[in-house]
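Here is the file data_12.txt (compact mmCIF, N, CA, C and O atoms).
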# COMPACT_ATOMS: atom_id res chain seq x y z
N MET A 1 233.78 -117.22 57.39
CA MET A 1 233.26 -118.56 57.57
C MET A 1 233.55 -119.06 58.99
O MET A 1 232.71 -119.69 59.61
N PHE A 2 234.73 -118.78 59.49
CA PHE A 2 235.10 -119.27 60.82
C PHE A 2 234.28 -118.57 61.90
O PHE A 2 233.88 -119.18 62.89
N THR A 3 233.98 -117.29 61.72
CA THR A 3 233.20 -116.54 62.68
C THR A 3 231.77 -117.07 62.75
O THR A 3 231.19 -117.20 63.82
N ALA A 4 231.19 -117.38 61.62
CA ALA A 4 229.83 -117.92 61.59
C ALA A 4 229.78 -119.29 62.26
O ALA A 4 228.83 -119.60 62.98
N SER A 5 230.80 -120.09 62.06
CA SER A 5 230.85 -121.41 62.69
C SER A 5 230.98 -121.27 64.20
O SER A 5 230.34 -122.00 64.96
N ASN A 6 231.81 -120.33 64.64
CA ASN A 6 231.99 -120.10 66.08
C ASN A 6 230.69 -119.60 66.71
O ASN A 6 230.31 -120.03 67.80
N ARG A 7 230.00 -118.71 66.04
CA ARG A 7 228.73 -118.18 66.54
C ARG A 7 227.68 -119.28 66.61
O ARG A 7 226.93 -119.38 67.58
N THR A 8 227.64 -120.13 65.61
CA THR A 8 226.69 -121.24 65.60
C THR A 8 226.98 -122.21 66.73
O THR A 8 226.05 -122.69 67.41
N THR A 9 228.25 -122.50 66.95
CA THR A 9 228.63 -123.40 68.04
C THR A 9 228.21 -122.83 69.39
O THR A 9 227.68 -123.55 70.24
N ARG A 10 228.42 -121.54 69.58
CA ARG A 10 228.02 -120.91 70.84
C ARG A 10 226.51 -120.93 71.01
O ARG A 10 226.00 -121.17 72.11
N LEU A 11 225.78 -120.67 69.95
CA LEU A 11 224.32 -120.67 70.02
C LEU A 11 223.79 -122.07 70.34
O LEU A 11 222.90 -122.23 71.17
N VAL A 12 224.38 -123.08 69.71
CA VAL A 12 223.96 -124.46 69.97
C VAL A 12 224.30 -124.84 71.41
O VAL A 12 223.50 -125.47 72.11
N SER A 13 225.47 -124.43 71.87
CA SER A 13 225.87 -124.73 73.25
C SER A 13 224.95 -124.06 74.26
O SER A 13 224.53 -124.67 75.25
N LEU A 14 224.63 -122.81 74.03
CA LEU A 14 223.72 -122.10 74.92
C LEU A 14 222.33 -122.73 74.90
O LEU A 14 221.71 -122.92 75.95
N SER A 15 221.84 -123.08 73.73
CA SER A 15 220.53 -123.71 73.62
C SER A 15 220.51 -125.05 74.37
O SER A 15 219.54 -125.37 75.07
N PHE A 16 221.57 -125.82 74.22
CA PHE A 16 221.65 -127.10 74.91
C PHE A 16 221.70 -126.90 76.42
O PHE A 16 221.04 -127.64 77.17
N ALA A 17 222.44 -125.91 76.88
CA ALA A 17 222.53 -125.64 78.32
C ALA A 17 221.17 -125.22 78.88
O ALA A 17 220.76 -125.68 79.96
N VAL A 18 220.45 -124.38 78.17
CA VAL A 18 219.12 -123.95 78.61
C VAL A 18 218.17 -125.14 78.62
O VAL A 18 217.40 -125.33 79.57
N LEU A 19 218.22 -125.96 77.60
CA LEU A 19 217.36 -127.14 77.53
C LEU A 19 217.63 -128.09 78.70
O LEU A 19 216.70 -128.58 79.35
N MET A 20 218.90 -128.33 78.98
CA MET A 20 219.25 -129.24 80.09
C MET A 20 218.83 -128.65 81.43
O MET A 20 218.37 -129.39 82.31
N ALA A 21 218.97 -127.34 81.60
CA ALA A 21 218.53 -126.70 82.85
C ALA A 21 217.03 -126.85 83.04
O ALA A 21 216.56 -127.15 84.14
N VAL A 22 216.28 -126.66 81.97
CA VAL A 22 214.83 -126.80 82.05
C VAL A 22 214.44 -128.25 82.35
O VAL A 22 213.57 -128.51 83.18
N VAL A 23 215.11 -129.19 81.73
CA VAL A 23 214.79 -130.61 81.95
C VAL A 23 215.10 -131.01 83.38
O VAL A 23 214.28 -131.65 84.06
N VAL A 24 216.28 -130.64 83.88
CA VAL A 24 216.68 -131.03 85.23
C VAL A 24 215.77 -130.37 86.26
O VAL A 24 215.26 -131.03 87.17
N ASN A 25 215.55 -129.06 86.14
CA ASN A 25 214.71 -128.37 87.12
C ASN A 25 213.26 -128.84 87.03
O ASN A 25 212.58 -128.98 88.06
N GLY A 26 212.78 -129.10 85.84
CA GLY A 26 211.42 -129.60 85.69
C GLY A 26 211.24 -130.96 86.32
O GLY A 26 210.23 -131.23 86.99
N SER A 27 212.21 -131.85 86.14
CA SER A 27 212.10 -133.18 86.73
C SER A 27 212.17 -133.11 88.25
O SER A 27 211.47 -133.85 88.95
N MET A 28 213.01 -132.21 88.77
CA MET A 28 213.08 -132.06 90.23
C MET A 28 211.76 -131.51 90.78
O MET A 28 211.27 -131.98 91.81
N LEU A 29 211.16 -130.54 90.10
CA LEU A 29 209.89 -129.99 90.55
C LEU A 29 208.78 -131.04 90.51
O LEU A 29 207.94 -131.10 91.39
N MET A 30 208.80 -131.87 89.47
CA MET A 30 207.79 -132.93 89.37
C MET A 30 207.97 -133.93 90.51
O MET A 30 206.99 -134.41 91.08
N LYS A 31 209.21 -134.26 90.84
CA LYS A 31 209.48 -135.20 91.93
C LYS A 31 209.04 -134.60 93.27
O LYS A 31 208.41 -135.28 94.09
N PHE A 32 209.38 -133.33 93.50
CA PHE A 32 208.95 -132.68 94.73
C PHE A 32 207.43 -132.65 94.84
O PHE A 32 206.86 -132.86 95.91
N ASP A 33 206.76 -132.40 93.73
CA ASP A 33 205.30 -132.35 93.73
C ASP A 33 204.72 -133.72 94.06
O ASP A 33 203.78 -133.83 94.85
N SER A 34 205.28 -134.77 93.49
CA SER A 34 204.75 -136.12 93.77
C SER A 34 205.00 -136.52 95.22
O SER A 34 204.13 -137.13 95.86
N VAL A 35 206.15 -136.15 95.77
CA VAL A 35 206.44 -136.45 97.17
C VAL A 35 205.47 -135.68 98.08
O VAL A 35 204.97 -136.23 99.06
N ALA A 36 205.20 -134.44 97.76
CA ALA A 36 204.28 -133.63 98.57
C ALA A 36 202.87 -134.20 98.51
O ALA A 36 202.17 -134.24 99.53
N GLN A 37 202.44 -134.64 97.34
CA GLN A 37 201.10 -135.22 97.23
C GLN A 37 201.00 -136.53 98.01
O GLN A 37 200.00 -136.79 98.67
N GLU A 38 202.04 -137.36 97.95
CA GLU A 38 202.03 -138.61 98.70
C GLU A 38 202.00 -138.34 100.20
O GLU A 38 201.28 -139.02 100.95
N ALA A 39 202.78 -137.37 100.65
CA ALA A 39 202.80 -137.04 102.08
C ALA A 39 201.45 -136.52 102.54
O ALA A 39 200.99 -136.85 103.64
N THR A 40 200.79 -135.73 101.71
CA THR A 40 199.47 -135.22 102.06
C THR A 40 198.46 -136.35 102.17
O THR A 40 197.64 -136.37 103.10
N MET A 41 198.54 -137.30 101.25
CA MET A 41 197.62 -138.43 101.30
C MET A 41 197.86 -139.29 102.54
O MET A 41 196.92 -139.74 103.19
N VAL A 42 199.12 -139.52 102.88
CA VAL A 42 199.45 -140.34 104.04
C VAL A 42 198.98 -139.65 105.32
O VAL A 42 198.42 -140.29 106.21
N GLN A 43 199.20 -138.34 105.41
CA GLN A 43 198.81 -137.63 106.63
C GLN A 43 197.29 -137.55 106.77
O GLN A 43 196.77 -137.54 107.88
N SER A 44 196.57 -137.51 105.67
CA SER A 44 195.12 -137.42 105.77
C SER A 44 194.49 -138.74 106.16
O SER A 44 193.39 -138.77 106.71
N THR A 45 195.17 -139.86 105.92
CA THR A 45 194.61 -141.17 106.25
C THR A 45 195.03 -141.65 107.64
O THR A 45 194.48 -142.62 108.13
N GLN A 46 196.00 -140.98 108.26
CA GLN A 46 196.44 -141.41 109.58
C GLN A 46 195.42 -141.01 110.64
O GLN A 46 194.75 -139.99 110.53
N VAL A 47 195.33 -141.84 111.67
CA VAL A 47 194.45 -141.54 112.80
C VAL A 47 195.15 -140.50 113.67
O VAL A 47 196.32 -140.63 113.99
N ARG A 48 194.41 -139.48 114.00
CA ARG A 48 194.98 -138.43 114.84
C ARG A 48 195.01 -138.90 116.30
O ARG A 48 193.99 -139.28 116.86
N HIS A 49 196.17 -138.89 116.90
CA HIS A 49 196.32 -139.25 118.30
C HIS A 49 196.43 -137.96 119.11
O HIS A 49 197.28 -137.12 118.84
N VAL A 50 195.57 -137.86 120.10
CA VAL A 50 195.60 -136.69 120.96
C VAL A 50 195.94 -137.16 122.36
O VAL A 50 195.27 -138.03 122.92
N ALA A 51 196.99 -136.61 122.92
CA ALA A 51 197.39 -136.98 124.27
C ALA A 51 196.71 -136.05 125.26
O ALA A 51 196.75 -134.84 125.12
N VAL A 52 196.08 -136.66 126.25
CA VAL A 52 195.43 -135.88 127.31
C VAL A 52 196.19 -136.17 128.58
O VAL A 52 196.30 -137.32 129.01
N LEU A 53 196.72 -135.13 129.18
CA LEU A 53 197.49 -135.29 130.40
C LEU A 53 196.62 -134.98 131.61
O LEU A 53 195.78 -134.08 131.58
N ASP A 54 196.83 -135.73 132.68
CA ASP A 54 196.11 -135.48 133.92
C ASP A 54 196.60 -134.18 134.54
O ASP A 54 197.76 -133.79 134.39
N THR A 55 195.71 -133.53 135.26
CA THR A 55 196.08 -132.30 135.95
C THR A 55 196.84 -132.67 137.21
O THR A 55 196.42 -133.53 138.00
N VAL A 56 197.96 -132.03 137.42
CA VAL A 56 198.80 -132.31 138.58
C VAL A 56 198.85 -131.04 139.42
O VAL A 56 199.17 -129.96 138.91
N THR A 57 198.56 -131.19 140.70
CA THR A 57 198.65 -130.06 141.61
C THR A 57 199.81 -130.31 142.57
O THR A 57 199.87 -131.36 143.21
N ILE A 58 200.68 -129.37 142.68
CA ILE A 58 201.85 -129.51 143.55
C ILE A 58 201.65 -128.56 144.73
O ILE A 58 201.43 -127.37 144.55
N VAL A 59 201.71 -129.14 145.90
CA VAL A 59 201.55 -128.33 147.11
C VAL A 59 202.87 -128.40 147.87
O VAL A 59 203.37 -129.46 148.19
N GLY A 60 203.43 -127.25 148.14
CA GLY A 60 204.69 -127.20 148.87
C GLY A 60 204.51 -126.50 150.20
O GLY A 60 203.60 -125.68 150.38
N HIS A 61 205.34 -126.83 151.13
CA HIS A 61 205.28 -126.21 152.45
C HIS A 61 206.08 -124.92 152.41
O HIS A 61 207.18 -124.87 151.87
N ARG A 62 205.53 -123.88 153.04
CA ARG A 62 206.27 -122.62 153.15
C ARG A 62 207.17 -122.70 154.38
O ARG A 62 206.80 -123.21 155.42
N ILE A 63 208.31 -122.14 154.22
CA ILE A 63 209.26 -122.13 155.32
C ILE A 63 209.24 -120.79 156.01
O ILE A 63 209.18 -119.76 155.47
Could you spell out this file's structure in structure tokens?
Amino acid sequence: MFTASNRTTRLVSLSFAVLMAVVVNGSMLMKFDSVAQEATMVQSTQVRHVAVLDTVTIVGHRI
């Protein structure tokens, strides 16, 4: 009787640990996904700024 109780306790503990791991990792993945989608939307609506630099010519004297 004691062995069966110990085995059941271990099985329940392992099941609970697996369930909690799935819940925590799943919630983190969902949060990462929502942050990535928001960032994509923000970047697609921003105006693209392109910097154009003037051409500079440097002339030095030879010694």
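Atom pair atom N of Thr9 in chain A / CA of Val22 in chain A: separated by 20.7 Å.
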> Got a sec to tell me which of chain A DSSP assigns to alpha helix (DSSP H), as number ranges by chain?
Replying inline: A: 2-45
Where's the centre, and what are the edge lengths in Å to one decimal, of a box along x, y and z enclosing all listed atoms of range 42-50 of chain A padded 8 Å per side, as AutoDock Vina command-line options?
--center_x 196.4 --center_y -139.7 --center_z 112.9 --size_x 22.1 --size_y 21.9 --size_z 36.0
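What separates CA of Ser15 in chain A from atom N of Met30 in chain A is a distance of 21.3 Å.
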> Can you tell me how far atom C of Leu29 in chain A sits from atom C of Leu14 in chain A, in Å to one decimal?
Replying inline: 22.3 Å
